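First up is the structure itself, then whatever we jot down about it.
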Amino acid sequence: FHAEDGIRDCVASRGLGDVYKRQYLLSASMFIVGIKRLSSPRTAPSGNRLGAQGMLLAVLVTLMKLQSEGIIGWELIVGGLAIGSLIGYLMATRVEMTGMPELVALFNGFGGAASALVGLSEVLKRISDGVPEPGVELYAIWIAIGLSALVGWITLSGSLVAMMKLKGGFYIPFSKKDDRGRSKWVSFPTWGPPWLNYVKVLMLLSSIALIGMTIQEPEDKTWIYSLVATSTLLGILFVLPIGGADMPVVVALLNSYSGIVAAFTGFIFSNIALIISGSLIGASGLILTRIMTKAMNRSLANVILGGFGATTESIAADTSNKNYKSGSSDDIASLLEFSENIIIVPGYGLAVAQAQHSLKELLDILTNQDKKVIFAIHPVAGRMPGHMNVLLAEANIDYELLLDLDQVNEKFSQTDVSIIIGANDVVNPAAKLDKNSPIYGMPILDVEKSRSIVVIKRSMNVGFAGLDNDIFYNEKTLMFFGVA
């Protein structure tokens with residue numbers, strides 16, 4: 001009787017495990033299909049929803065599994081979900097389009113921190129419960145915990161530095177207010193002497209050695225806390241020397257890190273959903289990083305170690321001797337009235353001015369006059385991957401009008417007028433002509449082939465990479481100063 005009862009229990013237990021595996025497989029399939037649908041702007045919203053629903057399913061299945069094992073505290077779970085949902089809702093609904101890159105960087109940091117904290121709590125739990133005899137499985141778990149801590153804390157601290165770099169600095173709370181009623185503002189420095197790279201390599205090796213010590217002496221908490229401190233400092237030093245022009249690449253790379261650390265955490269708990277979703281995020285983030293570096297014609301090592309774009313005070317020296325033409329809104333209106341083919345090149349200045357809805361009004365006026373209007377989107381326009389696509393989508397501009405670099409460059413020679421709105425580096429001819437330029441070799445939009453060029457800009461100041469642009473002094477160019 002007892003043997004039969006035990007067999008029945010085993011069968012029931014195994015059947016329940018198969019149910020969890022099937023549900024995790026379903027959620028993983030939703031992740032994969034959702035990412036596939038993100039490849040097209042038209043299907044991206046449904047892909048985003050499908051991925052979110054897949055994650056919700058994975059969370060619910062995990063909660064059911066924990067409840068069946070009797071190791072869940074519902075008050076903490078519900079409290080965490082409520083607080084996290086409220087914070088996420090407020091951040092997502094209140095952020096301006098100009099602040100979207102900072103928000104993405106912050107979310108990357110949150111992902112890394114969550115995995116790192118889970119790994120840390122697991123270490124402390126194992127130490128308090130008593131570490132079992134060493135074995136292959138135990139070593140594998142402790143290596144995963146160590147890598148989770150290393151990558152997780154690097155992701156958190158690096159993302160916070162990236163966020164402050166994108167924002168330009170931070171306010172000191174409770175400090176003396178300025179004329180606008182704001183607290184004291186401190187700009188975030190870009191600092192990276194050549195010897196700093198050797199320090200980072202040394203710290204990385206030290207972190208790996210600390211992982212080894214946690215395996216050798218797992219009961220000693222000193223090693224894990226030292227690993228947390230070293231990894232956090234390494235994340236700061238990793239992003240600190242990288243200039244503003246390279247932030248889109250850094251954001252993509254940190255996004256990949258957040259996925260990798262989630263996969264490590266999945267290995268710790270044998271959670272299939274975490275392993276799959278983390279691997280997907282890690283792989284897609286690395287692919288996106290590769291696309292961004294290719295668009296800048298630079299290697300990832302050059303971005304991480306070179307500190308390109310670190311100085312923005314550089315090149316405005318000889319601009320006073322260069323001549324440019326400026327015009328009024330009436331001049332541009334007349335130019336557009338007699339043009340048939342128009343290309344609009346958006347940049348970060350469009351986001352700063354929050355002019356996407358005004359741009360949609362202009363688009364409607366032009367298309368109602370049977371003019372052909374398209375948008376040229378450079379992969380690194382803005383301060384995060386896809387920044388301009390998101391910005392224009394917010395204004396309900398048709399996805400079919402947004403053409404990427406390869407699609408649009410051949411069309412500039414048949415274009416009557418190209419309108420550059422707040423863009424600089426992505427249309428800078430120095431990328432083709434000046435071998436001494438930091439952006440030499442970077443693929444750019446060929447606006448100089450247009451019959452006429454209009455540049456909407458607040459001033460003649462240099463762009464995000466700190467480089468002057470000869471397109472502003474082209475005889476075909478008309479400068480229009482002011483807010484976009």
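Convention: chains lettered A, B, ... in structure tokens order; per-chain residue numbering from 1; ligands numbered from 1 as shown.
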Practice item. Find the residues near region 376-386 of chain A: any atom within 6 Å, counting only C-alpha atoms, skip ones fewer than 4 places away on the same chain, and give them as number ranges by chain. Key: A: 101, 248, 345, 347-348, 403-405
Check your understanding: If we count only C-alpha atoms, what is near Gly327 (chain A) at a cut-off of 7 Å, once residues fewer than 2 positions away on the same chain are taken out, given as a ChimeraX atom specification?
Key -> /A:325,329,331,478-480
Per-residue DSSP, region 115-248 of chain A, filtered to strand (DSSP E), as an mmCIF file with all heavy atoms, in the first residue's frame:
data_model
loop_
_atom_site.group_PDB
_atom_site.id
_atom_site.type_symbol
_atom_site.label_atom_id
_atom_site.label_comp_id
_atom_site.auth_asym_id
_atom_site.auth_seq_id
_atom_site.Cartn_x
_atom_site.Cartn_y
_atom_site.Cartn_z
ATOM 1 N N GLY A 169 24.515 65.581 -16.015
ATOM 2 C CA GLY A 169 24.949 65.796 -14.640
ATOM 3 C C GLY A 169 23.843 65.435 -13.672
ATOM 4 O O GLY A 169 22.937 64.665 -13.999
ATOM 5 N N PHE A 170 23.884 66.008 -12.487
ATOM 6 C CA PHE A 170 22.869 65.720 -11.484
ATOM 7 C C PHE A 170 22.737 66.898 -10.523
ATOM 8 O O PHE A 170 23.645 67.711 -10.375
ATOM 9 C CB PHE A 170 23.213 64.441 -10.697
ATOM 10 C CG PHE A 170 24.579 64.461 -10.075
ATOM 11 C CD1 PHE A 170 24.771 64.931 -8.789
ATOM 12 C CD2 PHE A 170 25.686 64.023 -10.786
ATOM 13 C CE1 PHE A 170 26.031 64.959 -8.207
ATOM 14 C CE2 PHE A 170 26.956 64.041 -10.220
ATOM 15 C CZ PHE A 170 27.127 64.515 -8.935
ATOM 16 N N TYR A 171 21.563 66.986 -9.895
ATOM 17 C CA TYR A 171 21.304 68.017 -8.897
ATOM 18 C C TYR A 171 21.695 67.514 -7.516
ATOM 19 O O TYR A 171 21.518 66.338 -7.190
ATOM 20 C CB TYR A 171 19.830 68.414 -8.896
ATOM 21 C CG TYR A 171 19.390 69.181 -10.123
ATOM 22 C CD1 TYR A 171 18.583 68.575 -11.085
ATOM 23 C CD2 TYR A 171 19.791 70.495 -10.321
ATOM 24 C CE1 TYR A 171 18.179 69.269 -12.206
ATOM 25 C CE2 TYR A 171 19.388 71.193 -11.449
ATOM 26 C CZ TYR A 171 18.583 70.577 -12.382
ATOM 27 O OH TYR A 171 18.206 71.266 -13.502
ATOM 28 N N ILE A 172 22.237 68.417 -6.715
ATOM 29 C CA ILE A 172 22.539 68.088 -5.323
ATOM 30 C C ILE A 172 21.318 68.472 -4.490
ATOM 31 O O ILE A 172 20.959 69.652 -4.410
ATOM 32 C CB ILE A 172 23.776 68.855 -4.818
ATOM 33 C CG1 ILE A 172 25.008 68.461 -5.645
ATOM 34 C CG2 ILE A 172 24.011 68.567 -3.347
ATOM 35 C CD1 ILE A 172 26.264 69.198 -5.237
ATOM 36 N N LYS A 184 21.529 72.926 -6.796
ATOM 37 C CA LYS A 184 22.814 73.077 -7.460
ATOM 38 C C LYS A 184 23.039 71.943 -8.453
ATOM 39 O O LYS A 184 22.839 70.780 -8.156
ATOM 40 C CB LYS A 184 23.945 73.091 -6.422
ATOM 41 C CG LYS A 184 25.314 73.350 -7.024
ATOM 42 C CD LYS A 184 26.393 73.398 -5.951
ATOM 43 C CE LYS A 184 27.765 73.653 -6.583
ATOM 44 N NZ LYS A 184 28.839 73.681 -5.568
ATOM 45 N N TRP A 185 23.468 72.320 -9.662
ATOM 46 C CA TRP A 185 23.692 71.351 -10.734
ATOM 47 C C TRP A 185 25.184 71.057 -10.847
ATOM 48 O O TRP A 185 26.009 71.961 -10.875
ATOM 49 C CB TRP A 185 23.173 71.901 -12.055
ATOM 50 C CG TRP A 185 23.465 71.034 -13.243
ATOM 51 C CD1 TRP A 185 24.509 71.126 -14.108
ATOM 52 C CD2 TRP A 185 22.691 69.932 -13.696
ATOM 53 N NE1 TRP A 185 24.440 70.154 -15.059
ATOM 54 C CE2 TRP A 185 23.334 69.400 -14.842
ATOM 55 C CE3 TRP A 185 21.520 69.317 -13.243
ATOM 56 C CZ2 TRP A 185 22.841 68.309 -15.538
ATOM 57 C CZ3 TRP A 185 21.022 68.228 -13.953
ATOM 58 C CH2 TRP A 185 21.684 67.739 -15.078
ATOM 59 N N VAL A 186 25.517 69.770 -10.918
ATOM 60 C CA VAL A 186 26.903 69.349 -11.085
ATOM 61 C C VAL A 186 27.005 68.535 -12.364
ATOM 62 O O VAL A 186 26.320 67.509 -12.509
ATOM 63 C CB VAL A 186 27.384 68.497 -9.884
ATOM 64 C CG1 VAL A 186 28.821 68.027 -10.115
ATOM 65 C CG2 VAL A 186 27.280 69.295 -8.602
ATOM 66 N N SER A 187 27.803 69.006 -13.310
ATOM 67 C CA SER A 187 27.976 68.253 -14.547
ATOM 68 C C SER A 187 28.818 67.012 -14.278
ATOM 69 O O SER A 187 29.731 67.037 -13.458
ATOM 70 C CB SER A 187 28.644 69.126 -15.617
ATOM 71 O OG SER A 187 29.909 69.568 -15.176
#
Practice item. Would you mind telling me which residue in A:Leu210, A:Ala393, A:Val118, A:Ala149 lies nearest to Pro45 (chain A) when using only C-alpha atoms? Key: A:Ala393
Point to revise | Close residues, Ile208 (chain A) itself excluded, 12 Å, only C-alpha atoms, min 5 positions apart in chain, as an MDAnalysis selection string | key: chainID A and resid 143:151 201:203 213:215 223:224 226:228 230:231
Exercise for review: Can you pull out every residue within 9 Å of Ile374 (chain A), counting only C-alpha atoms, but drop anything in the same chain fewer than 5 positions away, and send it as a VMD selection string?
Suggested key: chain A and resid 341 to 345 400 to 403 408
Point to revise | Selection: 12 Å around Leu66 (chain A), only C-alpha atoms, excl. self and same-chain fewer than 6 positions, as a VMD selection string | key: chain A and resid 17 20 59 to 60 72 to 74 77 269 271
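Taking CA of Ser326 (chain A) and CA of Pro429 (chain A) as endpoints, the distance between them is 19.9 Å.
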All residues 8 Å or closer to Leu103 (chain A), only C-alpha atoms, same chain fewer than 5 positions away omitted, as a short mmCIF file (atom, residue, chain, number, x, y, z; two decimals) with C-alpha atoms, in the first residue's frame:
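The resulting file, around-v2.cif, is reproduced below:
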data_model
loop_
_atom_site.label_atom_id
_atom_site.label_comp_id
_atom_site.auth_asym_id
_atom_site.auth_seq_id
_atom_site.Cartn_x
_atom_site.Cartn_y
_atom_site.Cartn_z
CA MET A 91 8.46 56.87 -14.59
CA VAL A 95 9.25 60.92 -18.87
CA MET A 163 22.25 57.92 -17.17
#
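CA of Ser279 (chain A) is found 6.1 Å from CA of Ile260 (chain A).
Residues surrounding Leu56 (chain A) within 12 Å are Gln23, Tyr24, Leu26, Ser27, Ala28, Met30, Phe31, Arg49, Leu50, Thr62, Leu63, Leu81 and Ala273 of chain A [only C-alpha atoms; sequence separation below 6 positions excluded].
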For the residues in the current selection, export N, CA and C atoms as a PDB file, in the first residue's frame.
ATOM      1  N   GLN A  23       4.508  25.548 -19.523  1.00  0.00           N
ATOM      2  CA  GLN A  23       4.169  26.966 -19.400  1.00  0.00           C
ATOM      3  C   GLN A  23       5.402  27.849 -19.643  1.00  0.00           C
ATOM      4  N   TYR A  24       6.556  27.419 -19.113  1.00  0.00           N
ATOM      5  CA  TYR A  24       7.793  28.164 -19.360  1.00  0.00           C
ATOM      6  C   TYR A  24       8.139  28.152 -20.846  1.00  0.00           C
ATOM      7  N   LEU A  26       6.009  27.940 -23.292  1.00  0.00           N
ATOM      8  CA  LEU A  26       5.073  28.856 -23.943  1.00  0.00           C
ATOM      9  C   LEU A  26       5.521  30.304 -23.777  1.00  0.00           C
ATOM     10  N   SER A  27       5.923  30.671 -22.550  1.00  0.00           N
ATOM     11  CA  SER A  27       6.375  32.050 -22.323  1.00  0.00           C
ATOM     12  C   SER A  27       7.635  32.341 -23.132  1.00  0.00           C
ATOM     13  N   ALA A  28       8.556  31.361 -23.219  1.00  0.00           N
ATOM     14  CA  ALA A  28       9.766  31.551 -24.013  1.00  0.00           C
ATOM     15  C   ALA A  28       9.432  31.745 -25.486  1.00  0.00           C
ATOM     16  N   MET A  30       6.727  33.058 -26.616  1.00  0.00           N
ATOM     17  CA  MET A  30       6.176  34.416 -26.728  1.00  0.00           C
ATOM     18  C   MET A  30       7.303  35.446 -26.759  1.00  0.00           C
ATOM     19  N   PHE A  31       8.376  35.218 -25.967  1.00  0.00           N
ATOM     20  CA  PHE A  31       9.540  36.115 -26.019  1.00  0.00           C
ATOM     21  C   PHE A  31      10.128  36.138 -27.426  1.00  0.00           C
ATOM     22  N   ARG A  49       3.887  43.985 -26.711  1.00  0.00           N
ATOM     23  CA  ARG A  49       2.825  43.464 -25.840  1.00  0.00           C
ATOM     24  C   ARG A  49       2.976  41.957 -25.644  1.00  0.00           C
ATOM     25  N   LEU A  50       3.322  41.244 -26.720  1.00  0.00           N
ATOM     26  CA  LEU A  50       3.462  39.798 -26.626  1.00  0.00           C
ATOM     27  C   LEU A  50       4.612  39.423 -25.681  1.00  0.00           C
ATOM     28  N   THR A  62       6.010  30.941 -12.017  1.00  0.00           N
ATOM     29  CA  THR A  62       7.010  30.863 -10.944  1.00  0.00           C
ATOM     30  C   THR A  62       6.347  30.982  -9.576  1.00  0.00           C
ATOM     31  N   LEU A  63       5.382  31.890  -9.451  1.00  0.00           N
ATOM     32  CA  LEU A  63       4.669  32.045  -8.178  1.00  0.00           C
ATOM     33  C   LEU A  63       3.898  30.769  -7.827  1.00  0.00           C
ATOM     34  N   LEU A  81       5.393  43.771  -5.994  1.00  0.00           N
ATOM     35  CA  LEU A  81       4.711  44.011  -7.271  1.00  0.00           C
ATOM     36  C   LEU A  81       4.004  45.367  -7.278  1.00  0.00           C
ATOM     37  N   ALA A 273      12.735  29.988 -17.602  1.00  0.00           N
ATOM     38  CA  ALA A 273      12.288  31.263 -18.173  1.00  0.00           C
ATOM     39  C   ALA A 273      13.373  32.330 -18.073  1.00  0.00           C
TER      40      ALA A 273
END
